[in-house]
There are 2 protein chains.
Amino acid sequence: MEHKIPYKIYLSEDELPKQWYNVRADMKIKPAPLLNPGTGKPVTLEELSHIFCTELAKQELNNDDAYIDIPEEILSFYRMYRPSPLTRAYFLEKALETPAKIYYKFEGNNTSGSHKLNSSIAQAYYAKQQGLKGVTTETGAGQWGTALAMACAYFGLDCKVFMVKCSYEQKPFRREVMRTYGADVTPSPSNTTEVGRKILEEFPGTSGSLGCAISEAVEAAVSHEGYRYVLGSVLSQVLLHQSIIGLESMAACDKYDIKPDIIIGCAGGGSNLGGLISPFMGRKLRGEADYQFIAVEPASCPSLTRGKYVYDFCDTGKVCPLAKMYTLGSGFIPSPNHAGGLRYHGMSSVLSELYDEGLMEARSVEQTAVFAAAQQFARIEGTLPAPESSHAIRVAIDEALKCKETGEEKTILFGLTGTGYFDMVAYQKFNDGQMTDYIPTDEDLAKGFANLPEVK
Amino acid sequence: MEHKIPYKIYLSEDELPKQWYNVRADMKIKPAPLLNPGTGKPVTLEELSHIFCTELAKQELNNDDAYIDIPEEILSFYRMYRPSPLTRAYFLEKALETPAKIYYKFEGNNTSGSHKLNSSIAQAYYAKQQGLKGVTTETGAGQWGTALAMACAYFGLDCKVFMVKCSYEQKPFRREVMRTYGADVTPSPSNTTEVGRKILEEFPGTSGSLGCAISEAVEAAVSHEGYRYVLGSVLSQVLLHQSIIGLESMAACDKYDIKPDIIIGCAGGGSNLGGLISPFMGRKLRGEADYQFIAVEPASCPSLTRGKYVYDFCDTGKVCPLAKMYTLGSGFIPSPNHAGGLRYHGMSSVLSELYDEGLMEARSVEQTAVFAAAQQFARIEGTLPAPESSHAIRVAIDEALKCKETGEEKTILFGLTGTGYFDMVAYQKFNDGQMTDYIPTDEDLAKGFANLPEVK
């Protein structure tokens, strides 16, 4: 049958948003400022410009402007793969026999395989504008590194990626995609940086962590002329760029008179969740509409549901500014059995503040349940999802099943951030029945909290 | 800037074609009939129905009906991922500084990663309609096997895939995607079939071939109650289903008044090329328009450019009907250094006939040149292409560069059949500068021709 609302809602190119939305402008309580770890005072634009491109540093500190123009060259690149489809999960609804209406915003239709490209192209653009030679970054699962490599190839920038060592070894194909786009990929910790050598000395044989790779990438940026550091999540500038996801979703919903009751996103550092919910949250903050927002995180890395809302280091090497966020401590590393991504120890300051004010909920889910949802979704809706995205699928299905019980016809919107084509080792574990769950004990978490910095 | 013709032309759901187009109906000389290898006479519907689902056998033998209704359940599935975008390669045109206009029809936005889903869902549907338990097939690179696994998961059919052993070993992730969709994947040759055991005995340690996997899949189908064999290329029914690619392309072109001069597709068995060009060829056959069609094949498996147009076995085990086609002989196996797919020894009977009549051209290209085009395309247009698709990219770029020399503003349309995310071993070889070319000598080809059957 044909439906009144199509399977996939594609906005036309001229409906592509021309401005990003900055949710901070509508927040009554602003996210706490980044602090200079030396002085303990809020970082200045000048200080931040040593690490980030100047324009990006400005965006990072901008709590006031609700809308920021998207430069034409970024819009032009966006048109290569955007607007992305808002999909009605008719098949899933039918299979679940739920009265709920389920929609997902799919960001996986590009070679980076995720939403990360929305911010990488912006960051590469500003680096190019500033006349830089290149940028440095870290990558865990590899989506961000791939997205940045693609963006740098487009603008002819040099791209140095520090890839968490265990991913570098377990995901040679991710690495190869980055190389195909001309990026230079180094397993982290490495002995190409001082902080890397120090970590290797302290923890010989370590398989690395995101926090450690960040430290190396920052050092590589500040110690090379003409380089800056870029980051794919956590930062407020990233949420700004990712607001394109939410803006398109909202435009598509408005066009077809779809009114979401629940909006769900997976949350590692918060880039996708923040981007998806931003404009809807804006409406909520301005009192124009109400939504239930749910952040979904892995039970093995539960920064929102079990972390502390304090100032913390963003990286293991403690070279970055301090951020106030829900955190498990910069030394926290999820159990090695954790296969599902979303392994960063902290959460975006913007999302942390919204969560702290009760404007957003959070749930943690275990990975076998997540992969069961992923498999179910793949078989019914066709697309094989990224493990990260599957956290949101899990909760979307749970909420739809609740509607089945209660008979409520809720409208559920979730973010399908990407595809799982480079995550088949994790899928294989699940297919073979060898995936296990892990929930850190309070003692485990206490170790992470022990390293929190003291901030007056 | 915004363009009059958008980057991506998405037809709306109600513009999705409701009928497939059967180019055979417009061919003055019909493709030669399949022959029963025992009797040497054209196969009957009854004979063919032992191997194929009855409805598919009818489609295979149908040279008369130009249009065949697409059943509603298939249309419904198509709407999950179709219409697929027709993309204007603005970035590539600019990078090449060509006056040519380049378009590509992108079939990779689905988890099978290619156009193969267009036919697998049709074949699974007819199997389900007939009340079968399941289907068997072979897969080489794995795109067809994945597409069939997805289709079978959707209809709740059992799916047995014989995967060419070297691919099974080199592409564990492809295998894992199939398993995630519930398929049963066996490396071929295997000792689960008589023909497999025979081949293993004759060639111990063989890494397998498509022709051999076909024989095993056919045997598994005919020796199990409630099973039929399905195939992802070569067959006329497959070209029929794949005509959806060409029909959508034509509709998009007509909508925006785009008149392609050259239409290019990669050609292994012919599924994509045949599907893309069918409706355009129809116009040419009916004298309504003219186009230059170019089939692109690997220099290491040159069935059109160096093969013979004769009756041949479709499989190594010689259990299938004989087909008249351009062929290198059913024993031909491309050199082990061949990484770029398109390794079947023969070519669709429909395309073979069109080529023989001079209605279509063919070119062969070497794989390092193909991967260079793939890398260039990935960096400029964003999408990392499948090696197979990159054959078409190579020739599209070559033609665009010719236009640069001559100043001609030709309109080029090519088929971008899929993505290369599971082909990173081949890309790595290229990135490491270790890819080599291979062109079979006349002596090499003579060995393949030596096994051609005698047909009166």
# chains A, B, ... in the order shown; residues from 1 in each chain; ligands from 1
$ residues_around --residues "Ile214 (chain B)" --least-positions-apart "4" --cutoff "8 Å" --atoms "only C-alpha atoms" --output "list in words"
Thr137, Glu138, Phe162, Leu210, Val218, Asp315 and Thr316 of chain B
$ select_by_dssp --residues "region 235-312 of chain B" --states "helix (DSSP H, G or I)" --output "tab-separated table (two decimals) with N, CA and C atoms, in the first residue's frame"
chain	number	residue	atom	x	y	z
B	236	SER	N	18.10	-13.62	-17.74
B	236	SER	CA	17.23	-12.60	-18.31
B	236	SER	C	16.25	-12.07	-17.27
B	237	GLN	N	15.79	-12.96	-16.36
B	237	GLN	CA	14.87	-12.51	-15.30
B	237	GLN	C	15.54	-11.47	-14.40
B	238	VAL	N	16.85	-11.63	-14.18
B	238	VAL	CA	17.57	-10.68	-13.33
B	238	VAL	C	17.64	-9.31	-14.01
B	239	LEU	N	17.92	-9.33	-15.33
B	239	LEU	CA	17.93	-8.06	-16.06
B	239	LEU	C	16.56	-7.39	-16.00
B	240	LEU	N	15.52	-8.22	-16.05
B	240	LEU	CA	14.15	-7.68	-15.95
B	240	LEU	C	13.98	-6.94	-14.62
B	241	HIS	N	14.33	-7.61	-13.51
B	241	HIS	CA	14.17	-6.97	-12.20
B	241	HIS	C	15.05	-5.72	-12.08
B	242	GLN	N	16.26	-5.82	-12.62
B	242	GLN	CA	17.19	-4.70	-12.51
B	242	GLN	C	16.80	-3.54	-13.42
B	243	SER	N	15.84	-3.75	-14.30
B	243	SER	CA	15.41	-2.64	-15.16
B	243	SER	C	14.88	-1.47	-14.33
B	244	ILE	N	14.55	-1.75	-13.06
B	244	ILE	CA	14.11	-0.66	-12.17
B	244	ILE	C	15.17	0.45	-12.10
B	245	ILE	N	16.45	0.06	-12.21
B	245	ILE	CA	17.54	1.06	-12.19
B	245	ILE	C	17.41	2.01	-13.39
B	246	GLY	N	17.25	1.41	-14.56
B	246	GLY	CA	17.17	2.20	-15.78
B	246	GLY	C	15.87	3.00	-15.84
B	247	LEU	N	14.78	2.38	-15.38
B	247	LEU	CA	13.49	3.08	-15.43
B	247	LEU	C	13.50	4.32	-14.55
B	248	GLU	N	14.06	4.18	-13.35
B	248	GLU	CA	14.16	5.35	-12.48
B	248	GLU	C	15.10	6.39	-13.07
B	249	SER	N	16.22	5.92	-13.63
B	249	SER	CA	17.18	6.86	-14.23
B	249	SER	C	16.51	7.65	-15.35
B	250	MET	N	15.77	6.92	-16.17
B	250	MET	CA	15.11	7.55	-17.30
B	250	MET	C	14.05	8.55	-16.83
B	251	ALA	N	13.29	8.15	-15.82
B	251	ALA	CA	12.25	9.05	-15.29
B	251	ALA	C	12.89	10.33	-14.75
B	252	ALA	N	14.02	10.16	-14.04
B	252	ALA	CA	14.70	11.34	-13.47
B	252	ALA	C	15.26	12.21	-14.59
B	253	CYS	N	15.85	11.58	-15.60
B	253	CYS	CA	16.39	12.33	-16.74
B	253	CYS	C	15.27	13.09	-17.46
B	254	ASP	N	14.18	12.38	-17.70
B	254	ASP	CA	13.07	13.03	-18.42
B	254	ASP	C	12.52	14.20	-17.62
B	255	LYS	N	12.42	14.02	-16.31
B	255	LYS	CA	11.86	15.06	-15.44
B	255	LYS	C	12.68	16.34	-15.52
B	271	SER	N	24.14	-7.88	-14.71
B	271	SER	CA	22.91	-7.51	-14.01
B	271	SER	C	22.71	-6.00	-13.91
B	272	ASN	N	23.78	-5.30	-13.55
B	272	ASN	CA	23.64	-3.86	-13.41
B	272	ASN	C	23.58	-3.18	-14.76
B	273	LEU	N	24.51	-3.53	-15.63
B	273	LEU	CA	24.55	-2.90	-16.94
B	273	LEU	C	23.23	-3.11	-17.67
B	274	GLY	N	22.77	-4.35	-17.67
B	274	GLY	CA	21.52	-4.67	-18.35
B	274	GLY	C	20.35	-3.90	-17.77
B	275	GLY	N	20.32	-3.81	-16.43
B	275	GLY	CA	19.23	-3.08	-15.79
B	275	GLY	C	19.27	-1.59	-16.10
B	276	LEU	N	20.48	-1.04	-16.07
B	276	LEU	CA	20.62	0.40	-16.31
B	276	LEU	C	20.25	0.77	-17.75
B	277	ILE	N	20.72	-0.01	-18.70
B	277	ILE	CA	20.53	0.43	-20.09
B	277	ILE	C	19.20	-0.03	-20.69
B	278	SER	N	18.56	-1.05	-20.09
B	278	SER	CA	17.38	-1.65	-20.74
B	278	SER	C	16.39	-0.64	-21.33
B	279	PRO	N	15.83	0.25	-20.51
B	279	PRO	CA	14.80	1.14	-21.08
B	279	PRO	C	15.36	2.11	-22.11
B	280	PHE	N	16.63	2.52	-21.93
B	280	PHE	CA	17.24	3.40	-22.93
B	280	PHE	C	17.45	2.62	-24.23
B	281	MET	N	17.89	1.37	-24.08
B	281	MET	CA	18.06	0.51	-25.25
B	281	MET	C	16.72	0.31	-25.95
B	282	GLY	N	15.67	0.20	-25.16
B	282	GLY	CA	14.33	0.08	-25.73
B	282	GLY	C	14.03	1.25	-26.66
B	283	ARG	N	14.33	2.44	-26.19
B	283	ARG	CA	14.10	3.62	-27.04
B	283	ARG	C	14.94	3.56	-28.31
B	284	LYS	N	16.17	3.08	-28.14
B	284	LYS	CA	17.06	2.99	-29.31
B	284	LYS	C	16.51	1.95	-30.29
B	285	LEU	N	16.08	0.81	-29.75
B	285	LEU	CA	15.56	-0.27	-30.60
B	285	LEU	C	14.29	0.18	-31.32
B	303	SER	N	35.28	-11.13	-21.07
B	303	SER	CA	34.37	-12.01	-21.82
B	303	SER	C	33.82	-11.35	-23.07
B	304	LEU	N	33.45	-10.05	-23.01
B	304	LEU	CA	32.92	-9.41	-24.21
B	304	LEU	C	34.03	-9.09	-25.21
B	305	THR	N	35.11	-8.51	-24.71
B	305	THR	CA	36.12	-7.99	-25.63
B	305	THR	C	37.02	-9.08	-26.22
B	306	ARG	N	37.12	-10.22	-25.53
B	306	ARG	CA	38.00	-11.27	-26.07
B	306	ARG	C	37.35	-12.65	-26.04
$ closest_residue --among "A:Val310, A:Ala147, A:Leu48, A:Val365" --to "chain B" --atoms "only C-alpha atoms"
A:Ala147
$ interface_residues --of "chain A" --to "chain B" --cutoff "7 Å" --atoms "only C-alpha atoms" --output "list of chain:residue names"
A:Met1, A:Pro6, A:Tyr7, A:Glu13, A:Ser76, A:Arg79, A:Met80, A:Asn109, A:Asn110, A:Thr111, A:Met150, A:Ala153, A:Tyr154, A:Phe173, A:Glu176, A:Thr180, A:Tyr181, A:Gln375, A:Arg379, A:Ile380, A:Gly382, A:Thr383, A:Leu384, A:Met424, A:Gln428, A:Asn431
$ closest_residue --among "B:Arg24, B:Lys128, B:Lys318, B:Lys404" --to "Asn63 (chain B)" --atoms "only C-alpha atoms"
B:Arg24
$ residues_around --residues "Thr192 (chain A)" --least-positions-apart "4" --cutoff "10 Å" --atoms "only C-alpha atoms" --output "list of chain:residue names"
A:Thr186, A:Pro187, A:Ser188, A:Gly196, A:Arg197, A:Glu216, A:Glu219, A:Ala220
$ write_last_selection --atoms "C-alpha atoms" --output "PDB file, in the first residue's frame"
ATOM      1  CA  THR A 186      48.921   6.331  14.033  1.00  0.00           C
ATOM      2  CA  PRO A 187      48.014   3.784  16.703  1.00  0.00           C
ATOM      3  CA  SER A 188      47.694   5.426  20.131  1.00  0.00           C
ATOM      4  CA  GLY A 196      52.195   8.956  24.406  1.00  0.00           C
ATOM      5  CA  ARG A 197      55.667   7.930  25.516  1.00  0.00           C
ATOM      6  CA  GLU A 216      48.370  12.841  21.781  1.00  0.00           C
ATOM      7  CA  GLU A 219      50.091  17.661  21.624  1.00  0.00           C
ATOM      8  CA  ALA A 220      50.688  16.962  17.937  1.00  0.00           C
TER       9      ALA A 220
END
$ residues_around --residues "Pro321 (chain B)" --least-positions-apart "6" --cutoff "10 Å" --atoms "only C-alpha atoms" --output "PyMOL selection string"
chain B and resi 33-38+40-43+47-48+51+311-315
$ write_last_selection --atoms "C-alpha atoms" --output "PDB file, in the first residue's frame"
ATOM      1  CA  PRO B  33      17.247 -19.843 -25.987  1.00  0.00           C
ATOM      2  CA  LEU B  34      18.708 -21.790 -23.076  1.00  0.00           C
ATOM      3  CA  LEU B  35      19.367 -25.393 -24.066  1.00  0.00           C
ATOM      4  CA  ASN B  36      18.886 -28.572 -22.121  1.00  0.00           C
ATOM      5  CA  PRO B  37      22.444 -29.938 -21.910  1.00  0.00           C
ATOM      6  CA  GLY B  38      21.156 -33.520 -22.258  1.00  0.00           C
ATOM      7  CA  GLY B  40      20.474 -30.055 -26.857  1.00  0.00           C
ATOM      8  CA  LYS B  41      16.946 -28.682 -27.280  1.00  0.00           C
ATOM      9  CA  PRO B  42      15.558 -25.417 -25.855  1.00  0.00           C
ATOM     10  CA  VAL B  43      14.595 -25.897 -22.219  1.00  0.00           C
ATOM     11  CA  GLU B  47      12.362 -28.358 -17.061  1.00  0.00           C
ATOM     12  CA  LEU B  48      13.306 -24.912 -15.881  1.00  0.00           C
ATOM     13  CA  ILE B  51      15.621 -25.369 -10.850  1.00  0.00           C
ATOM     14  CA  TYR B 311      26.836 -21.831 -26.359  1.00  0.00           C
ATOM     15  CA  ASP B 312      28.569 -22.591 -23.092  1.00  0.00           C
ATOM     16  CA  PHE B 313      28.030 -24.056 -19.677  1.00  0.00           C
ATOM     17  CA  CYS B 314      26.921 -21.542 -17.056  1.00  0.00           C
ATOM     18  CA  ASP B 315      28.692 -23.434 -14.285  1.00  0.00           C
TER      19      ASP B 315
END
$ select_by_dssp --residues "region 177-272 of chain B" --states "strand (DSSP E or B)" --output "ChimeraX atom specification"
/B:184-188,227-229,262-266
$ atom_distance --atom1 "CA of Ser389 (chain B)" --atom2 "CA of Phe414 (chain B)"
9.1 Å
$ atom_distance --atom1 "CA of Cys320 (chain B)" --atom2 "CA of Asp64 (chain B)"
23.7 Å
$ residues_around --residues "Gly205 (chain B)" --least-positions-apart "5" --cutoff "10 Å" --atoms "only C-alpha atoms" --output "PyMOL selection string"
chain B and resi 165+189+199-200
